[in-house]
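K.L.:
You'll find protein-v4.cif just under this line, and it carries mmCIF, C-alpha atoms.
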```
data_my_file
#
loop_
_atom_site.group_PDB
_atom_site.id
_atom_site.type_symbol
_atom_site.label_atom_id
_atom_site.label_comp_id
_atom_site.auth_asym_id
_atom_site.auth_seq_id
_atom_site.Cartn_x
_atom_site.Cartn_y
_atom_site.Cartn_z
ATOM 1 C CA MET T 1 6.475 11.922 12.171
ATOM 2 C CA GLN T 2 3.791 14.613 12.442
ATOM 3 C CA GLU T 3 4.320 18.358 12.062
ATOM 4 C CA GLU T 4 3.111 19.962 15.265
ATOM 5 C CA GLN T 5 4.086 22.474 17.924
ATOM 6 C CA PHE T 6 6.510 20.953 20.376
ATOM 7 C CA SER T 7 8.232 22.105 23.523
ATOM 8 C CA GLY T 8 11.911 22.680 24.296
ATOM 9 C CA ASP T 9 12.045 19.361 26.161
ATOM 10 C CA ASP T 10 10.573 17.569 23.155
ATOM 11 C CA SER T 11 13.218 19.224 20.948
ATOM 12 C CA LEU T 12 16.027 18.018 23.140
ATOM 13 C CA ARG T 13 14.630 14.481 23.310
ATOM 14 C CA LEU T 14 14.249 14.413 19.531
ATOM 15 C CA ILE T 15 17.832 15.594 18.961
ATOM 16 C CA GLN T 16 19.161 12.948 21.360
ATOM 17 C CA SER T 17 17.107 10.180 19.798
ATOM 18 C CA MET T 18 18.137 11.047 16.210
ATOM 19 C CA ILE T 19 21.821 11.342 17.112
ATOM 20 C CA ASN T 20 21.593 7.941 18.816
ATOM 21 C CA LYS T 21 19.923 6.420 15.777
ATOM 22 C CA ALA T 22 22.805 7.613 13.590
ATOM 23 C CA LYS T 23 25.398 6.543 16.158
ATOM 24 C CA ASN T 24 23.970 3.039 16.489
ATOM 25 C CA GLN T 25 24.246 2.511 12.766
ATOM 26 C CA PHE T 26 26.948 -0.102 13.196
ATOM 27 C CA SER T 27 28.234 -0.878 9.728
ATOM 28 C CA GLU T 28 31.245 -3.045 10.564
ATOM 29 C CA ASN T 29 30.334 -6.692 10.007
ATOM 30 C CA GLY T 30 33.831 -8.090 10.640
ATOM 31 C CA HIS T 31 33.975 -9.781 7.224
ATOM 32 C CA LEU T 32 37.325 -8.337 6.141
ATOM 33 C CA TYR T 33 38.915 -8.910 9.564
ATOM 34 C CA LEU T 34 37.940 -12.573 9.220
ATOM 35 C CA LEU T 35 39.105 -12.786 5.604
ATOM 36 C CA TRP T 36 42.573 -11.411 6.344
ATOM 37 C CA GLY T 37 42.770 -13.123 9.715
ATOM 38 C CA TRP T 38 42.266 -16.539 8.153
ATOM 39 C CA VAL T 39 44.437 -15.840 5.085
ATOM 40 C CA VAL T 40 47.412 -14.681 7.201
ATOM 41 C CA LEU T 41 46.892 -17.488 9.751
ATOM 42 C CA LEU T 42 46.830 -20.233 7.094
ATOM 43 C CA CYS T 43 49.755 -18.700 5.163
ATOM 44 C CA SER T 44 51.929 -18.360 8.261
ATOM 45 C CA ILE T 45 51.216 -21.971 9.353
ATOM 46 C CA ALA T 46 51.808 -23.256 5.792
ATOM 47 C CA GLN T 47 55.106 -21.352 5.564
ATOM 48 C CA PHE T 48 56.168 -22.663 8.972
ATOM 49 C CA VAL T 49 55.413 -26.282 7.929
ATOM 50 C CA LEU T 50 57.278 -25.887 4.609
ATOM 51 C CA LEU T 51 60.253 -24.284 6.316
ATOM 52 C CA TYR T 52 60.490 -26.364 9.481
ATOM 53 C CA TYR T 53 59.419 -29.844 8.342
ATOM 54 C CA TYR T 54 60.285 -29.849 4.622
ATOM 55 C CA GLN T 55 63.067 -27.206 4.398
ATOM 56 C CA TYR T 56 61.406 -26.175 1.122
ATOM 57 C CA GLU T 57 63.389 -23.322 -0.460
ATOM 58 C CA LYS T 58 60.512 -21.335 -1.916
ATOM 59 C CA HIS T 59 58.455 -21.419 1.295
ATOM 60 C CA TYR T 60 57.551 -17.729 0.937
ATOM 61 C CA LEU T 61 55.423 -18.458 -2.164
ATOM 62 C CA VAL T 62 52.469 -19.334 0.093
ATOM 63 C CA TRP T 63 51.948 -15.594 0.543
ATOM 64 C CA MET T 64 50.868 -15.349 -3.102
ATOM 65 C CA ALA T 65 47.437 -16.320 -1.728
ATOM 66 C CA CYS T 66 47.208 -12.698 -0.532
ATOM 67 C CA TRP T 67 46.724 -11.521 -4.123
ATOM 68 C CA GLY T 68 43.582 -13.651 -4.357
ATOM 69 C CA ALA T 69 42.347 -12.113 -1.113
ATOM 70 C CA PHE T 70 43.122 -8.615 -2.455
ATOM 71 C CA ILE T 71 41.034 -9.213 -5.582
ATOM 72 C CA TYR T 72 38.178 -10.639 -3.501
ATOM 73 C CA GLN T 73 38.379 -7.630 -1.142
ATOM 74 C CA ALA T 74 38.257 -5.123 -4.018
ATOM 75 C CA ILE T 75 35.096 -6.744 -5.442
ATOM 76 C CA TYR T 76 33.557 -7.050 -1.959
ATOM 77 C CA LEU T 77 34.225 -3.372 -1.076
ATOM 78 C CA TYR T 78 32.878 -2.173 -4.418
ATOM 79 C CA ARG T 79 29.625 -4.080 -3.857
ATOM 80 C CA ARG T 80 29.350 -2.991 -0.220
ATOM 81 C CA GLU T 81 29.794 0.706 -1.083
ATOM 82 C CA LYS T 82 27.050 0.437 -3.679
ATOM 83 C CA LYS T 83 24.627 -0.972 -1.117
ATOM 84 C CA LYS T 84 25.311 1.662 1.554
ATOM 85 C CA HIS T 85 22.564 4.184 2.332
ATOM 86 C CA VAL T 86 24.623 6.314 4.694
ATOM 87 C CA LYS T 87 28.253 7.368 4.963
ATOM 88 C CA THR T 88 29.560 8.066 8.431
ATOM 89 C CA TYR T 89 32.724 9.935 9.404
ATOM 90 C CA THR T 90 33.767 6.856 11.395
ATOM 91 C CA ASP T 91 33.663 4.599 8.322
ATOM 92 C CA GLU T 92 35.623 7.156 6.316
ATOM 93 C CA ILE T 93 38.382 7.616 8.910
ATOM 94 C CA ILE T 94 38.739 3.854 9.453
ATOM 95 C CA GLY T 95 38.933 3.388 5.679
ATOM 96 C CA TYR T 96 41.852 5.816 5.471
ATOM 97 C CA VAL T 97 43.607 4.174 8.444
ATOM 98 C CA TRP T 98 43.571 0.830 6.582
ATOM 99 C CA ILE T 99 44.641 2.410 3.277
ATOM 100 C CA ALA T 100 47.627 3.957 5.114
ATOM 101 C CA PHE T 101 48.383 0.511 6.595
ATOM 102 C CA VAL T 102 48.388 -1.210 3.180
ATOM 103 C CA ILE T 103 50.696 1.512 1.787
ATOM 104 C CA MET T 104 53.027 1.062 4.794
ATOM 105 C CA MET T 105 53.062 -2.733 4.300
ATOM 106 C CA PHE T 106 54.131 -2.418 0.662
ATOM 107 C CA LEU T 107 56.617 0.316 1.550
ATOM 108 C CA PHE T 108 58.175 -1.727 4.363
ATOM 109 C CA GLY T 109 58.314 -4.821 2.136
ATOM 110 C CA PHE T 110 60.127 -2.787 -0.518
ATOM 111 C CA LEU T 111 62.455 -1.013 1.937
ATOM 112 C CA TYR T 112 63.393 -4.247 3.762
ATOM 113 C CA GLY T 113 64.313 -5.834 0.437
ATOM 114 C CA ARG T 114 66.223 -2.764 -0.772
ATOM 115 C CA ILE T 115 68.204 -2.043 2.390
ATOM 116 C CA LEU T 116 68.622 -5.441 4.008
ATOM 117 C CA GLY T 117 68.832 -7.680 0.929
ATOM 118 C CA GLU T 118 68.905 -11.362 1.941
ATOM 119 C CA GLU T 119 68.794 -10.415 5.605
ATOM 120 C CA TYR T 120 65.229 -9.143 5.192
ATOM 121 C CA TYR T 121 63.678 -12.280 6.739
ATOM 122 C CA LYS T 122 65.191 -11.444 10.147
ATOM 123 C CA PHE T 123 63.121 -8.286 10.401
ATOM 124 C CA ILE T 124 60.028 -8.944 8.361
ATOM 125 C CA SER T 125 57.902 -10.693 11.024
ATOM 126 C CA PRO T 126 58.658 -8.330 13.960
ATOM 127 C CA GLY T 127 58.253 -5.340 11.605
ATOM 128 C CA PHE T 128 54.943 -6.545 10.157
ATOM 129 C CA LEU T 129 53.648 -7.436 13.626
ATOM 130 C CA ALA T 130 54.363 -3.877 14.777
ATOM 131 C CA LEU T 131 52.572 -2.597 11.677
ATOM 132 C CA TYR T 132 49.523 -4.878 12.224
ATOM 133 C CA GLY T 133 49.123 -3.292 15.644
ATOM 134 C CA LEU T 134 48.636 0.247 14.347
ATOM 135 C CA PRO T 135 45.404 0.036 12.269
ATOM 136 C CA THR T 136 43.956 -2.574 14.624
ATOM 137 C CA PHE T 137 44.528 -0.389 17.686
ATOM 138 C CA LEU T 138 43.218 2.768 15.957
ATOM 139 C CA SER T 139 40.132 1.005 14.561
ATOM 140 C CA GLY T 140 39.368 -0.296 18.049
ATOM 141 C CA ILE T 141 39.647 3.200 19.520
ATOM 142 C CA ILE T 142 37.555 4.830 16.767
ATOM 143 C CA LEU T 143 34.849 2.132 16.929
ATOM 144 C CA ARG T 144 35.094 2.073 20.739
ATOM 145 C CA PHE T 145 35.472 -1.684 20.427
ATOM 146 C CA ARG T 146 37.743 -3.124 23.092
ATOM 147 C CA PRO T 147 38.662 -6.521 21.491
ATOM 148 C CA LEU T 148 40.227 -4.646 18.558
ATOM 149 C CA TRP T 149 42.378 -2.207 20.477
ATOM 150 C CA ILE T 150 43.494 -4.973 22.832
ATOM 151 C CA GLY T 151 44.320 -7.011 19.698
ATOM 152 C CA GLY T 152 46.439 -4.100 18.467
ATOM 153 C CA ILE T 153 48.399 -4.008 21.714
ATOM 154 C CA CYS T 154 48.874 -7.815 21.500
ATOM 155 C CA CYS T 155 50.485 -7.325 18.053
ATOM 156 C CA TRP T 156 52.964 -4.825 19.508
ATOM 157 C CA VAL T 157 53.850 -7.123 22.420
ATOM 158 C CA LEU T 158 54.274 -10.058 20.001
ATOM 159 C CA SER T 159 56.521 -7.953 17.740
ATOM 160 C CA VAL T 160 58.944 -7.487 20.666
ATOM 161 C CA ILE T 161 58.780 -11.216 21.514
ATOM 162 C CA ALA T 162 59.371 -12.045 17.820
ATOM 163 C CA SER T 163 62.645 -10.125 17.899
ATOM 164 C CA LEU T 164 63.884 -12.493 20.637
ATOM 165 C CA ILE T 165 63.181 -15.843 18.937
ATOM 166 C CA ASN T 166 64.182 -17.843 15.828
ATOM 167 C CA ASN T 167 62.810 -16.821 12.437
ATOM 168 C CA GLU T 168 60.668 -19.905 11.783
ATOM 169 C CA TYR T 169 58.932 -19.551 15.161
ATOM 170 C CA GLN T 170 58.219 -15.918 14.397
ATOM 171 C CA LEU T 171 55.749 -17.221 11.811
ATOM 172 C CA LEU T 172 53.751 -18.884 14.567
ATOM 173 C CA LEU T 173 53.623 -15.566 16.418
ATOM 174 C CA LEU T 174 52.252 -13.991 13.253
ATOM 175 C CA GLY T 175 49.471 -16.605 13.311
ATOM 176 C CA LEU T 176 48.819 -15.981 17.013
ATOM 177 C CA ALA T 177 48.710 -12.221 16.397
ATOM 178 C CA VAL T 178 46.022 -12.473 13.716
ATOM 179 C CA ILE T 179 43.943 -14.806 15.907
ATOM 180 C CA LEU T 180 44.031 -12.214 18.713
ATOM 181 C CA ALA T 181 43.815 -9.054 16.600
ATOM 182 C CA TRP T 182 41.545 -9.976 13.679
ATOM 183 C CA ILE T 183 39.904 -13.422 13.973
ATOM 184 C CA ILE T 184 38.475 -13.143 17.524
ATOM 185 C CA PRO T 185 37.352 -9.485 17.121
ATOM 186 C CA GLY T 186 36.079 -10.379 13.612
ATOM 187 C CA TYR T 187 33.733 -13.057 14.963
ATOM 188 C CA ILE T 188 32.540 -10.731 17.757
ATOM 189 C CA LEU T 189 31.874 -7.967 15.196
ATOM 190 C CA GLN T 190 30.040 -10.430 12.977
ATOM 191 C CA GLY T 191 27.839 -11.516 15.893
ATOM 192 C CA ARG T 192 27.117 -7.912 16.834
ATOM 193 C CA TYR T 193 26.243 -6.990 13.260
ATOM 194 C CA LYS T 194 23.861 -9.958 12.898
ATOM 195 C CA LYS T 195 22.216 -9.049 16.217
ATOM 196 C CA GLN T 196 21.714 -5.469 15.000
ATOM 197 C CA GLY T 197 20.185 -6.819 11.779
ATOM 198 C CA ALA T 198 17.774 -8.935 13.819
ATOM 199 C CA LEU T 199 16.732 -5.894 15.863
ATOM 200 C CA THR T 200 16.075 -3.519 12.960
ATOM 201 C CA MET L 1 16.556 37.180 31.302
ATOM 202 C CA GLU L 2 15.970 37.603 27.596
ATOM 203 C CA PHE L 3 15.437 34.615 25.336
ATOM 204 C CA LYS L 4 16.547 34.445 21.785
ATOM 205 C CA GLU L 5 13.900 33.225 19.376
ATOM 206 C CA LEU L 6 14.394 29.591 18.312
ATOM 207 C CA ASP L 7 15.123 29.302 14.588
ATOM 208 C CA PRO L 8 11.683 28.587 13.018
ATOM 209 C CA ILE L 9 13.297 26.545 10.250
ATOM 210 C CA LEU L 10 14.722 24.125 12.815
ATOM 211 C CA HIS L 11 11.946 24.338 15.400
ATOM 212 C CA SER L 12 9.806 21.860 13.525
ATOM 213 C CA GLN L 13 9.742 18.206 14.481
ATOM 214 C CA LEU L 14 10.665 16.619 11.159
ATOM 215 C CA ARG L 15 13.171 19.269 10.048
ATOM 216 C CA LEU L 16 14.939 19.094 13.409
ATOM 217 C CA ALA L 17 15.010 15.278 13.141
ATOM 218 C CA VAL L 18 16.606 15.484 9.679
ATOM 219 C CA ILE L 19 19.251 17.994 10.802
ATOM 220 C CA SER L 20 20.026 15.993 13.981
ATOM 221 C CA LEU L 21 20.505 12.894 11.851
ATOM 222 C CA LEU L 22 22.678 14.631 9.254
ATOM 223 C CA ILE L 23 24.881 16.307 11.868
ATOM 224 C CA SER L 24 26.085 12.844 12.951
ATOM 225 C CA VAL L 25 26.929 11.437 9.520
ATOM 226 C CA LYS L 26 28.844 12.546 6.438
ATOM 227 C CA GLU L 27 25.927 12.032 4.067
ATOM 228 C CA ALA L 28 22.745 10.000 3.933
ATOM 229 C CA GLU L 29 20.350 8.764 1.282
ATOM 230 C CA PHE L 30 16.747 9.956 1.287
ATOM 231 C CA THR L 31 15.549 6.399 2.045
ATOM 232 C CA PHE L 32 17.818 6.187 5.101
ATOM 233 C CA ILE L 33 16.419 9.474 6.494
ATOM 234 C CA ARG L 34 12.865 8.338 5.751
ATOM 235 C CA ASP L 35 13.400 5.039 7.621
ATOM 236 C CA LYS L 36 15.001 6.699 10.656
ATOM 237 C CA THR L 37 12.413 9.477 10.970
ATOM 238 C CA ASN L 38 9.390 7.263 10.129
ATOM 239 C CA ALA L 39 8.132 10.103 7.916
ATOM 240 C CA THR L 40 6.180 9.720 4.689
ATOM 241 C CA ALA L 41 8.158 10.321 1.496
ATOM 242 C CA GLY L 42 5.944 13.287 0.525
ATOM 243 C CA ASN L 43 6.217 15.117 3.836
ATOM 244 C CA LEU L 44 9.954 14.432 4.086
ATOM 245 C CA SER L 45 10.494 15.721 0.577
ATOM 246 C CA VAL L 46 8.735 19.015 1.426
ATOM 247 C CA GLN L 47 10.748 19.506 4.645
ATOM 248 C CA ILE L 48 14.035 18.645 2.935
ATOM 249 C CA ASN L 49 13.284 21.281 0.321
ATOM 250 C CA LYS L 50 12.714 23.876 3.052
ATOM 251 C CA LEU L 51 16.050 23.005 4.658
ATOM 252 C CA LYS L 52 17.704 23.199 1.257
ATOM 253 C CA GLU L 53 16.171 26.623 0.519
ATOM 254 C CA ALA L 54 17.462 27.871 3.894
ATOM 255 C CA GLY L 55 20.937 26.685 2.848
ATOM 256 C CA TYR L 56 21.147 24.244 5.774
ATOM 257 C CA ILE L 57 21.536 21.114 3.679
ATOM 258 C CA GLU L 58 22.863 20.173 0.273
ATOM 259 C CA VAL L 59 20.791 17.824 -1.855
ATOM 260 C CA ILE L 60 22.483 15.787 -4.564
ATOM 261 C CA LYS L 61 20.312 13.995 -7.088
ATOM 262 C CA GLN L 62 21.989 11.283 -9.133
ATOM 263 C CA PHE L 63 21.455 7.866 -10.669
ATOM 264 C CA LYS L 64 22.603 4.604 -9.126
ATOM 265 C CA ASP L 65 22.086 1.421 -11.149
ATOM 266 C CA ASN L 66 19.565 3.294 -13.333
ATOM 267 C CA TYR L 67 17.494 4.335 -10.302
ATOM 268 C CA PRO L 68 17.265 7.936 -9.058
ATOM 269 C CA GLN L 69 19.082 8.499 -5.800
ATOM 270 C CA THR L 70 18.862 11.536 -3.502
ATOM 271 C CA ILE L 71 21.743 12.197 -1.132
ATOM 272 C CA CYS L 72 21.571 14.812 1.630
ATOM 273 C CA LYS L 73 24.419 16.359 3.572
ATOM 274 C CA ILE L 74 24.530 19.174 6.073
ATOM 275 C CA THR L 75 26.257 22.430 5.020
ATOM 276 C CA PRO L 76 28.527 24.583 7.252
ATOM 277 C CA GLU L 77 25.570 27.038 7.580
ATOM 278 C CA GLY L 78 23.398 24.129 8.726
ATOM 279 C CA VAL L 79 25.960 23.115 11.359
ATOM 280 C CA LYS L 80 26.139 26.722 12.595
ATOM 281 C CA ALA L 81 22.328 27.046 12.703
ATOM 282 C CA PHE L 82 22.053 23.757 14.623
ATOM 283 C CA GLU L 83 24.683 24.892 17.150
ATOM 284 C CA VAL L 84 22.865 28.208 17.687
ATOM 285 C CA TYR L 85 19.535 26.377 18.020
ATOM 286 C CA VAL L 86 20.942 24.002 20.681
ATOM 287 C CA LYS L 87 22.570 26.913 22.545
ATOM 288 C CA ASN L 88 19.312 28.880 22.622
ATOM 289 C CA LEU L 89 17.409 25.766 23.642
ATOM 290 C CA GLN L 90 19.835 25.163 26.512
ATOM 291 C CA SER L 91 19.483 28.715 27.830
ATOM 292 C CA TYR L 92 15.703 28.405 27.570
ATOM 293 C CA LEU L 93 15.645 25.045 29.421
ATOM 294 C CA SER L 94 18.098 26.078 32.128
ATOM 295 C CA ALA L 95 15.977 29.153 32.912
ATOM 296 C CA LYS L 96 12.813 27.082 33.252
#
```
Would you give me this structure, written as structure tokens?
P.N.:
Amino acid sequence: MQEEQFSGDDSLRLIQSMINKAKNQFSENGHLYLLWGWVVLLCSIAQFVLLYYYQYEKHYLVWMACWGAFIYQAIYLYRREKKKHVKTYTDEIIGYVWIAFVIMMFLFGFLYGRILGEEYYKFISPGFLALYGLPTFLSGIILRFRPLWIGGICCWVLSVIASLINNEYQLLLLGLAVILAWIIPGYILQGRYKKQGALT
Amino acid sequence: MEFKELDPILHSQLRLAVISLLISVKEAEFTFIRDKTNATAGNLSVQINKLKEAGYIEVIKQFKDNYPQTICKITPEGVKAFEVYVKNLQSYLSAK
């Protein structure tokens, strides 16, 4: 870029072009949506199979796989932050939305156990489905990415449906919710990110 | 109609590009700004210093993995100056 005299029109064009360059810096590659989408999908199907076909008592242990995913995510995020050359307000806000979601998940898990005792399983799937909807919907709105906010709404609709059906089938709705809210948008985000990489 | 003078610090192609870029993000590395503006490292470094001296941007120099890293972020004064610049530019263009 050369230093030279330039007109008011040139100024305006330059401002627009630079703001667009920053705006088009699309940093969401969908990796974590896919990670958690697949982990929750496989866990919910595995729990359903153990519960419905084998009547295995400790069916809930399948969710221990989430700890592995948490450790992987922590390492992945640490490496990703180190590689970043720019921090946008969008990334920061979305980060906080998901931190709030994780805190709410642990809090709800604790409160369900504390208040409802053995009855917790009746509420856990509809409650978690309602919770899944919140960060998904907000991320979709902030990123202006329709598949995500539609996915968030799907979670809320499925949480109401879950309250009307048997507990074991609620697990299948959990699987359906993550397909709609995280796996499908995750693959679209991944495709978009790769396309951006090919263009730059 | 009287026109207000455009801020000479901002009315320069590369400095305006840097400020326009920084207004849209929280912070950016020197290399990111260089890539987006297609400027040479030397020229960019000079213009960034001028913006820093005017108090429009904050420059943080640190080490990342044993390599020096320069991070730039716009200051509240920089945001204000940019807003005034755009306002004056608009009044100038609408009167044309």
K.L.:
When the PyMOL selection byres ((chain T) within 9 of (chain L)) is applied to the structure above, which residues does it catch, written out as a PyMOL selection string?
P.N.:
chain T and resi 1-6+8-12+14-23+82+84-90+92
K.L.:
Suppose a student applies the PyMOL selection byres ((chain T and resi 110-127) around 12) to this structure; what residues should they get, written as a PyMOL selection string?
P.N.:
chain T and resi 40+44+59-60+103-109+128-134+155-175+177
K.L.:
Which distance in Å separates CA of Gly95 in chain T and CA of Trp36 in chain T, to one decimal?
P.N.:
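About the pair CA of Gly95 in chain T and CA of Trp36 in chain T: they are 15.3 Å apart.
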K.L.:
Taking only C-alpha atoms into account, name the residue in L:Glu77, L:Ala95, L:Val84, L:Tyr67 that is nearest to Leu51 in chain L.
P.N.:
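Nearest to Leu51 in chain L: L:Glu77.
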